[in-house]
file coords-v5.csv (CSV, C-alpha atoms)
chain,number,residue,atom,x,y,z
A,552,MET,CA,-129.8,25.6,-38.5
A,553,THR,CA,-129.9,25.1,-34.8
A,554,ARG,CA,-129.2,28.0,-32.4
A,555,ALA,CA,-125.9,26.4,-31.3
A,556,VAL,CA,-124.7,26.0,-34.8
A,557,HIS,CA,-125.8,29.5,-35.7
A,558,VAL,CA,-123.9,30.9,-32.7
A,559,GLU,CA,-120.8,29.0,-33.8
A,560,SER,CA,-121.0,30.2,-37.4
A,561,GLU,CA,-121.4,33.8,-36.2
A,562,LEU,CA,-118.5,33.5,-33.8
A,563,ARG,CA,-116.3,32.3,-36.6
A,564,ARG,CA,-117.3,35.2,-38.9
A,565,THR,CA,-116.8,37.7,-36.1
A,566,LEU,CA,-113.3,36.3,-35.2
A,567,GLU,CA,-112.2,36.3,-38.8
A,568,TYR,CA,-113.4,39.9,-39.3
A,569,TYR,CA,-111.5,41.2,-36.3
A,570,TRP,CA,-108.3,39.3,-37.3
A,571,SER,CA,-108.5,40.7,-40.8
A,572,GLN,CA,-109.0,44.3,-39.6
A,573,LEU,CA,-106.2,44.4,-37.0
A,574,PRO,CA,-103.0,46.1,-38.2
A,575,VAL,CA,-99.8,44.0,-38.0
A,576,PRO,CA,-97.6,45.6,-35.4
A,577,SER,CA,-93.8,46.1,-35.5
A,578,GLY,CA,-91.5,44.6,-32.9
A,579,PRO,CA,-92.5,42.2,-30.1
A,580,THR,CA,-95.9,43.9,-29.4
A,581,ILE,CA,-99.3,42.5,-30.2
A,582,ALA,CA,-102.2,44.4,-31.6
A,583,SER,CA,-105.5,43.3,-29.9
A,584,VAL,CA,-109.1,44.3,-29.5
A,585,ASP,CA,-111.8,43.4,-27.0
A,586,ILE,CA,-114.7,41.2,-28.2
A,587,ALA,CA,-118.1,41.2,-26.5
A,588,LEU,CA,-117.3,38.3,-24.1
A,589,PRO,CA,-116.6,39.5,-20.5
A,590,LEU,CA,-114.7,37.4,-18.0
A,591,GLY,CA,-114.5,39.0,-14.5
A,592,ARG,CA,-113.1,42.6,-14.9
A,593,ALA,CA,-111.8,42.1,-18.4
A,594,TYR,CA,-112.9,41.0,-21.9
A,595,VAL,CA,-111.6,38.2,-24.1
A,596,ARG,CA,-109.4,39.8,-26.8
A,597,VAL,CA,-108.3,38.8,-30.3
A,598,GLY,CA,-104.9,39.8,-31.5
A,599,VAL,CA,-102.3,39.7,-34.3
A,600,ASP,CA,-98.5,39.8,-33.7
A,601,ALA,CA,-95.6,41.0,-35.9
A,602,ASP,CA,-95.4,37.6,-37.7
A,603,SER,CA,-99.2,37.9,-38.6
A,604,HIS,CA,-99.9,35.1,-36.2
A,605,ARG,CA,-103.4,35.1,-34.8
A,606,HIS,CA,-104.1,35.1,-31.1
A,607,ILE,CA,-107.1,34.7,-28.8
A,608,LEU,CA,-106.4,36.1,-25.3
A,609,VAL,CA,-108.5,35.0,-22.3
A,610,PRO,CA,-108.2,37.0,-19.1
A,611,MET,CA,-107.2,34.9,-16.0
A,612,PRO,CA,-108.0,35.4,-12.3
A,613,ILE,CA,-105.1,36.7,-10.2
A,614,GLU,CA,-104.9,33.4,-8.2
A,615,ALA,CA,-105.0,31.1,-11.3
A,616,PRO,CA,-101.8,29.3,-12.2
A,617,ASP,CA,-99.9,30.1,-15.5
A,618,VAL,CA,-100.8,28.0,-18.5
A,619,SER,CA,-98.3,26.7,-21.0
A,620,ASP,CA,-98.6,24.2,-23.9
A,621,HIS,CA,-96.2,23.8,-26.8
A,622,VAL,CA,-97.1,20.2,-27.8
A,623,SER,CA,-99.5,20.9,-30.7
A,624,SER,CA,-98.1,21.5,-34.2
A,625,GLY,CA,-98.5,25.1,-35.0
A,626,VAL,CA,-100.5,26.1,-31.9
A,627,ARG,CA,-99.0,27.4,-28.7
A,628,LEU,CA,-100.6,28.3,-25.3
A,629,THR,CA,-98.7,30.6,-23.0
A,630,THR,CA,-99.5,33.2,-20.3
A,631,ARG,CA,-99.1,36.8,-21.4
A,632,ALA,CA,-99.3,40.0,-19.5
A,633,LEU,CA,-101.0,43.0,-21.2
A,634,ALA,CA,-100.8,46.5,-19.8
A,635,SER,CA,-103.7,48.9,-20.0
A,636,ASP,CA,-104.2,52.5,-18.7
A,637,GLU,CA,-105.5,51.1,-15.4
A,638,ALA,CA,-103.5,47.9,-14.7
A,639,SER,CA,-101.6,44.9,-16.1
A,640,LEU,CA,-103.7,41.8,-16.6
A,641,ARG,CA,-102.7,38.2,-17.3
A,642,TYR,CA,-104.2,36.3,-20.2
A,643,ALA,CA,-104.1,32.8,-21.5
A,644,ASP,CA,-102.7,33.4,-25.0
A,645,LEU,CA,-103.6,30.9,-27.6
A,646,GLU,CA,-101.6,31.5,-30.8
A,647,CYS,CA,-101.7,30.0,-34.3
A,648,ALA,CA,-98.1,29.9,-35.5
A,649,ARG,CA,-98.8,28.1,-38.9
A,650,PRO,CA,-100.7,29.9,-41.7
A,651,ASP,CA,-102.0,26.6,-43.1
A,652,LEU,CA,-103.9,26.1,-39.8
A,653,THR,CA,-105.8,29.4,-39.7
A,654,GLY,CA,-109.1,27.8,-40.7
A,655,VAL,CA,-108.7,25.1,-38.0
A,656,PHE,CA,-107.6,27.7,-35.5
A,657,THR,CA,-110.8,29.8,-36.1
A,658,GLY,CA,-112.8,26.7,-35.2
A,659,LEU,CA,-110.7,26.1,-32.1
A,660,ALA,CA,-111.1,29.8,-31.1
A,661,ALA,CA,-114.8,29.6,-31.6
A,662,ASP,CA,-115.0,26.5,-29.4
A,663,VAL,CA,-113.0,28.3,-26.7
A,664,CYS,CA,-115.4,31.2,-26.8
A,665,LEU,CA,-118.4,28.8,-26.5
A,666,ALA,CA,-116.7,27.1,-23.5
A,667,LEU,CA,-116.1,30.5,-21.9
A,668,LEU,CA,-119.8,31.5,-22.2
A,669,ALA,CA,-120.5,28.8,-19.5
A,670,GLY,CA,-118.5,30.9,-17.0
A,671,PRO,CA,-115.8,28.4,-15.9
A,672,ASN,CA,-114.0,29.1,-12.6
A,673,ASP,CA,-110.6,28.7,-14.3
A,674,PRO,CA,-110.7,30.2,-17.8
A,675,GLY,CA,-107.1,29.2,-18.5
A,676,ALA,CA,-107.8,25.6,-17.7
A,677,ALA,CA,-110.9,25.7,-20.0
A,678,VAL,CA,-108.7,27.0,-22.9
A,679,SER,CA,-106.2,24.2,-22.2
A,680,GLN,CA,-109.0,21.6,-22.2
A,681,GLN,CA,-110.2,22.8,-25.6
A,682,LEU,CA,-106.7,22.6,-27.0
A,683,ASP,CA,-106.5,19.0,-25.6
A,684,ASP,CA,-109.8,18.2,-27.4
A,685,TRP,CA,-108.4,19.4,-30.7
A,686,ARG,CA,-104.9,17.8,-30.2
A,687,ALA,CA,-105.2,15.1,-32.7
A,688,LEU,CA,-106.6,17.4,-35.4
A,689,LEU,CA,-104.1,20.1,-34.9
A,690,GLY,CA,-101.1,17.8,-34.6
A,691,ALA,CA,-101.8,15.8,-37.8
A,692,GLY,CA,-100.4,18.3,-40.3
A,693,HIS,CA,-101.9,18.9,-43.8
A,694,ALA,CA,-100.7,19.0,-47.4
A,695,ALA,CA,-100.2,22.3,-49.1
A,696,TRP,CA,-103.3,23.9,-50.7
A,697,THR,CA,-102.5,23.9,-54.4
A,698,THR,CA,-104.9,24.8,-57.2
A,699,GLU,CA,-105.5,21.1,-57.8
A,700,ARG,CA,-106.4,20.5,-54.2
A,701,PHE,CA,-108.8,23.4,-54.1
A,702,GLY,CA,-110.4,22.0,-57.3
A,703,GLY,CA,-110.8,18.6,-55.6
A,704,LEU,CA,-112.5,20.2,-52.6
A,705,VAL,CA,-114.8,22.2,-54.9
A,706,ALA,CA,-115.8,19.0,-56.7
A,707,GLU,CA,-116.8,17.3,-53.4
A,708,LEU,CA,-118.7,20.4,-52.3
A,709,LEU,CA,-120.6,20.5,-55.6
A,710,ILE,CA,-121.8,17.0,-54.8
A,711,LEU,CA,-122.6,17.8,-51.2
A,712,ASP,CA,-124.5,20.9,-52.3
A,713,GLU,CA,-126.8,18.7,-54.5
A,714,LEU,CA,-127.2,16.0,-51.8
A,715,LEU,CA,-128.2,18.7,-49.3
A,716,ASP,CA,-131.0,19.7,-51.7
A,717,LEU,CA,-132.3,16.2,-51.4
A,718,ASP,CA,-131.6,15.6,-47.6
A,719,SER,CA,-130.5,18.1,-45.1
A,720,ARG,CA,-128.7,15.3,-43.2
A,721,ALA,CA,-126.5,14.5,-46.1
A,722,VAL,CA,-123.4,16.2,-44.6
A,723,SER,CA,-123.1,13.3,-42.2
A,724,TRP,CA,-122.2,11.1,-45.2
A,725,TRP,CA,-119.4,13.3,-46.4
A,726,THR,CA,-116.8,10.9,-45.1
A,727,GLY,CA,-113.6,11.7,-47.1
A,728,PRO,CA,-112.4,14.3,-44.6
A,729,LEU,CA,-113.0,11.7,-41.8
A,730,GLY,CA,-110.4,9.3,-43.4
A,731,GLU,CA,-112.9,6.9,-45.1
A,732,ALA,CA,-112.0,5.2,-48.3
A,733,GLN,CA,-114.7,7.0,-50.3
A,734,ASP,CA,-115.7,10.7,-50.3
A,735,PHE,CA,-119.3,9.9,-49.5
A,736,ARG,CA,-120.7,6.9,-47.6
A,737,SER,CA,-124.3,6.4,-46.7
A,738,PRO,CA,-125.5,3.4,-44.7
A,739,ILE,CA,-125.6,1.3,-47.9
A,740,HIS,CA,-124.0,3.1,-50.8
A,741,ALA,CA,-120.8,5.1,-51.6
A,742,LEU,CA,-119.6,7.8,-53.9
A,743,GLU,CA,-116.1,8.7,-55.0
A,744,VAL,CA,-115.5,12.2,-56.4
A,745,LYS,CA,-112.6,13.0,-58.7
A,746,ALA,CA,-111.6,16.3,-60.3
A,747,SER,CA,-109.1,17.1,-63.1
A,748,LEU,CA,-107.7,20.5,-64.2
A,749,THR,CA,-106.2,19.1,-67.4
A,750,LYS,CA,-107.4,20.2,-70.8
A,751,GLU,CA,-107.3,16.7,-72.3
A,752,GLY,CA,-107.7,13.1,-71.2
A,753,ARG,CA,-109.7,11.6,-68.4
A,754,LEU,CA,-107.1,10.0,-66.1
A,755,VAL,CA,-107.9,9.6,-62.4
A,756,ARG,CA,-105.6,8.5,-59.7
A,757,ILE,CA,-106.8,5.9,-57.3
A,758,HIS,CA,-105.4,5.7,-53.8
A,759,GLY,CA,-105.4,2.3,-52.2
A,760,THR,CA,-107.1,-1.0,-53.0
A,761,ASP,CA,-110.3,-0.1,-51.1
A,762,GLN,CA,-111.2,3.2,-52.8
A,763,LEU,CA,-113.1,1.5,-55.5
A,764,GLU,CA,-114.4,-1.4,-53.4
A,765,SER,CA,-118.2,-1.3,-53.3
A,766,PRO,CA,-119.9,-1.5,-49.9
A,767,VAL,CA,-121.3,-5.0,-49.1
A,768,GLY,CA,-124.8,-5.1,-50.4
A,769,GLY,CA,-124.6,-1.6,-51.8
A,770,THR,CA,-123.3,0.3,-54.9
A,771,LEU,CA,-120.4,2.6,-55.7
A,772,GLY,CA,-120.6,5.5,-58.1
A,773,LEU,CA,-117.7,7.6,-59.3
A,774,VAL,CA,-118.3,11.2,-60.3
A,775,TRP,CA,-115.7,13.0,-62.4
A,776,PHE,CA,-115.3,16.7,-63.0
A,777,ARG,CA,-113.2,18.6,-65.5
A,778,LEU,CA,-112.6,22.0,-63.9
A,779,ARG,CA,-110.9,25.2,-65.1
A,780,PRO,CA,-109.7,28.0,-62.9
A,781,ALA,CA,-112.0,31.0,-63.5
A,782,ASP,CA,-112.0,34.7,-63.0
A,783,VAL,CA,-114.4,36.6,-60.7
A,784,GLY,CA,-117.9,36.4,-62.1
A,785,VAL,CA,-117.4,33.1,-63.9
A,786,GLY,CA,-118.1,29.6,-62.6
A,787,VAL,CA,-118.4,28.9,-58.9
A,788,SER,CA,-116.2,30.0,-56.0
A,789,LEU,CA,-115.1,27.8,-53.0
A,790,VAL,CA,-116.5,30.4,-50.6
A,791,GLU,CA,-119.8,30.5,-52.3
A,792,LEU,CA,-120.1,26.7,-52.2
A,793,ILE,CA,-119.3,26.6,-48.5
A,794,GLU,CA,-121.8,29.3,-47.7
A,795,ARG,CA,-124.5,27.5,-49.7
A,796,CYS,CA,-123.8,24.2,-47.8
A,797,LEU,CA,-123.8,26.1,-44.5
A,798,ALA,CA,-127.2,27.5,-45.3
A,799,LYS,CA,-128.8,24.1,-46.2
A,800,GLY,CA,-128.7,22.6,-42.7
A,801,GLY,CA,-125.2,21.1,-42.7
A,802,ALA,CA,-123.3,23.9,-41.0
A,803,ALA,CA,-121.8,22.0,-38.0
A,804,GLY,CA,-120.7,19.0,-40.1
A,805,VAL,CA,-119.4,21.2,-42.9
A,806,LEU,CA,-117.3,23.3,-40.5
A,807,ASP,CA,-116.0,20.2,-38.8
A,808,ARG,CA,-114.9,18.6,-42.1
A,809,LEU,CA,-113.3,21.8,-43.4
A,810,ASP,CA,-111.3,21.9,-40.1
A,811,ARG,CA,-110.2,18.3,-40.6
A,812,VAL,CA,-108.8,19.0,-44.1
A,813,GLY,CA,-107.0,22.0,-42.8
A,814,LEU,CA,-108.7,24.6,-45.0
A,815,PRO,CA,-107.3,28.1,-44.4
A,816,ALA,CA,-109.7,30.7,-43.1
A,817,MET,CA,-112.3,31.8,-45.6
A,818,THR,CA,-110.9,35.4,-45.5
A,819,GLU,CA,-107.5,34.2,-46.8
A,820,PRO,CA,-106.8,35.5,-50.3
A,821,GLU,CA,-106.0,32.0,-51.7
A,822,VAL,CA,-109.4,30.7,-50.5
A,823,VAL,CA,-111.3,33.8,-51.6
A,824,GLY,CA,-109.7,33.5,-55.1
A,825,ALA,CA,-110.4,29.7,-55.5
A,826,ARG,CA,-113.0,29.8,-58.3
A,827,PHE,CA,-113.6,27.2,-61.0
A,828,GLU,CA,-115.7,26.7,-64.1
A,829,ILE,CA,-117.2,23.3,-64.7
A,830,VAL,CA,-116.1,22.2,-68.1
A,831,GLU,CA,-117.4,18.7,-68.0
A,832,ARG,CA,-119.1,16.3,-65.6
A,833,ARG,CA,-119.5,12.5,-65.9
A,834,TRP,CA,-120.4,9.7,-63.7
A,835,TYR,CA,-119.8,6.0,-63.7
A,836,ARG,CA,-121.1,2.9,-62.0
A,837,VAL,CA,-118.1,1.0,-60.4
A,838,ASP,CA,-119.2,-2.6,-61.1
A,839,ASP,CA,-117.4,-5.8,-62.3
A,840,GLY,CA,-116.8,-4.2,-65.7
A,841,PHE,CA,-115.0,-1.2,-64.3
A,842,PRO,CA,-111.2,-1.4,-64.3
A,843,SER,CA,-109.8,-1.4,-60.8
A,844,ILE,CA,-107.6,-3.1,-58.3
A,845,ARG,CA,-109.6,-4.2,-55.3
A,846,PRO,CA,-109.6,-7.1,-52.8
A,847,SER,CA,-112.7,-8.8,-54.3
A,848,ARG,CA,-110.7,-9.4,-57.5
A,849,PHE,CA,-108.1,-11.5,-55.8
A,850,ILE,CA,-108.5,-15.3,-55.4
A,851,GLU,CA,-108.6,-15.1,-51.6
A,852,GLN,CA,-110.9,-12.0,-51.8
A,853,ALA,CA,-108.0,-10.1,-50.2
A,854,VAL,CA,-104.9,-8.2,-51.3
A,855,PRO,CA,-101.9,-10.5,-51.1
A,856,ALA,CA,-99.9,-10.3,-47.8
A,857,GLY,CA,-97.1,-7.8,-48.0
A,858,VAL,CA,-98.8,-5.6,-50.6
A,859,GLY,CA,-99.6,-2.1,-49.5
A,860,ALA,CA,-99.6,1.6,-50.5
A,861,VAL,CA,-101.1,0.9,-53.9
A,862,GLU,CA,-101.7,3.8,-56.2
A,863,TYR,CA,-102.7,3.5,-59.9
A,864,LEU,CA,-104.3,5.4,-62.8
A,865,ILE,CA,-107.5,4.6,-64.6
A,866,ASP,CA,-108.2,6.0,-68.0
A,867,LEU,CA,-111.9,6.8,-68.0
A,868,ASP,CA,-112.0,7.0,-71.8
A,869,VAL,CA,-112.0,3.2,-71.9
A,870,VAL,CA,-115.1,3.1,-69.7
A,871,PRO,CA,-118.6,4.1,-70.9
A,872,ALA,CA,-120.1,6.9,-68.7
A,873,ASP,CA,-123.6,6.5,-67.5
A,874,GLU,CA,-125.9,8.7,-69.6
A,875,ARG,CA,-128.6,9.0,-67.0
A,876,PRO,CA,-128.9,12.3,-65.0
A,877,LEU,CA,-126.6,12.6,-62.0
A,878,ALA,CA,-129.6,13.3,-59.9
A,879,GLU,CA,-130.6,9.6,-60.4
A,880,LEU,CA,-127.3,8.5,-58.9
A,881,LEU,CA,-127.6,10.9,-56.0
A,882,GLY,CA,-131.1,9.8,-55.3
A,883,ALA,CA,-130.1,6.2,-55.3
A,884,PHE,CA,-127.2,7.0,-52.9
A,885,LEU,CA,-129.7,8.3,-50.4
A,886,GLU,CA,-131.8,5.2,-50.5
A,887,ARG,CA,-131.8,3.2,-47.3
A,888,ARG,CA,-132.4,-0.2,-48.9

call {"tool": "encode", "arguments": {"input": "coords-v5.csv", "output": "structure tokens"}}
result
Amino acid sequence: MTRAVHVESELRRTLEYYWSQLPVPSGPTIASVDIALPLGRAYVRVGVDADSHRHILVPMPIEAPDVSDHVSSGVRLTTRALASDEASLRYADLECARPDLTGVFTGLAADVCLALLAGPNDPGAAVSQQLDDWRALLGAGHAAWTTERFGGLVAELLILDELLDLDSRAVSWWTGPLGEAQDFRSPIHALEVKASLTKEGRLVRIHGTDQLESPVGGTLGLVWFRLRPADVGVGVSLVELIERCLAKGGAAGVLDRLDRVGLPAMTEPEVVGARFEIVERRWYRVDDGFPSIRPSRFIEQAVPAGVGAVEYLIDLDVVPADERPLAELLGAFLERR
């Protein structure tokens, strides 16, 4: 892990720790505490308001103009005055107003702190610039985090964890959170990962006509998990998986992708409690004998004009699973030829 990535990871942990320890105030006040990041005659502060919204407060010079930004979904930037025993100071107040964005906001707050370490002349403008850089990510919105969605993320991280054992650069090929058709895409090959929490059957839902389209000159494998929600001490937890992947050399990429999917902060109860037992794991080669709807199966090698938003189910019970070890598939995925 590089020094920069290590600093970012520690910043995230520190910020989340302080937010989790601050008492929720009553009324229009904000509970806040200094962190070890001085700017002029004051320190950067983290805070929590009566709605449990998280804040990062950056002291501003007397001559600096006020800052204000209400464009982003769930994140607001305002100028706030905080009084102390000695004086009243102005702060650039970056607030996370949506609980589902707490994980993303932690990453944004860490980036703000890293930018402030460079000692900008106008800290408020530096905060505003960081928010601009995150605009597309913060404004996109995210689906609710259900048990099924946590299970899907755990399945992807189980594969990432094994890939990182083979190559510390493998996180760069975790492409699902980046909007690619498949969950993992190397220069030549691809992997799609599916998870089911059902007790019976092996149905998988396919999104779009390109999800099961093999890369040109490469191969596509589909890995399927049957998972079962588990109690503490059983199976594997989402937090444990994330920590393992962070420790294997993929920290920056893992954090970026978790931000992109809008994962809540790792201290949130729903994330801490996301734990699953692996009941079954199979993998399949997606070749000409695999049932699918994809462009190469049409006469013109393309989906007919006017057809879009295709979703369908595949019953994996009609397809023979590959009996070879999964490690063989993952090794082949990492091949560069």

call {"tool": "atom_distance", "arguments": {"input": "coords-v5.csv", "atom1": "CA of Val870 in chain A", "atom2": "CA of Leu885 in chain A"}}
result
24.8 Å

call {"tool": "residues_around", "arguments": {"input": "coords-v5.csv", "residues": "Ala601 in chain A", "least_positions_apart": "4", "cutoff": "6 Å", "atoms": "only C-alpha atoms", "output": "JSON list (two decimals) with C-alpha atoms, in the frame of the given file"}}
result
[["chain", "number", "residue", "atom", "x", "y", "z"],
["A", 575, "VAL", "CA", -99.80, 44.00, -38.00],
["A", 576, "PRO", "CA", -97.60, 45.60, -35.40],
["A", 577, "SER", "CA", -93.80, 46.10, -35.50]]

call {"tool": "atom_distance", "arguments": {"input": "coords-v5.csv", "atom1": "CA of Lys750 in chain A", "atom2": "CA of Asp873 in chain A"}}
result
21.5 Å

call {"tool": "atom_distance", "arguments": {"input": "coords-v5.csv", "atom1": "CA of Val830 in chain A", "atom2": "CA of Phe776 in chain A"}}
result
7.5 Å

call {"tool": "residues_around", "arguments": {"input": "coords-v5.csv", "residues": "range 731-737 of chain A", "least_positions_apart": "2", "cutoff": "10 Å", "atoms": "only C-alpha atoms", "output": "JSON, numbers by chain"}}
result
{"A": [707, 710, 711, 721, 722, 723, 724, 725, 726, 727, 728, 729, 739, 740, 741, 742, 743, 744, 745, 758, 759, 760, 761, 762, 763, 764, 765, 766, 769, 771, 772, 773, 884, 885, 886, 887]}

call {"tool": "closest_residue", "arguments": {"input": "coords-v5.csv", "among": "A:Leu877, A:Leu867, A:Ile607, A:Ala825", "to": "Val785 in chain A", "atoms": "all atoms listed in the file"}}
result
A:Ala825

call {"tool": "closest_residue", "arguments": {"input": "coords-v5.csv", "among": "A:Leu881, A:Ile793, A:Ala872, A:Arg756", "to": "Ile844 in chain A", "atoms": "only C-alpha atoms"}}
result
A:Arg756

call {"tool": "residues_around", "arguments": {"input": "coords-v5.csv", "residues": "range 567-571 of chain A", "least_positions_apart": "5", "cutoff": "9 Å", "atoms": "only C-alpha atoms", "output": "list in words"}}
result
Leu562, Ser583, Val584, Ile586, Val597, Gly598, Val599, Arg605, His606, Thr657, Ala816, Met817, Thr818 and Glu819 of chain A
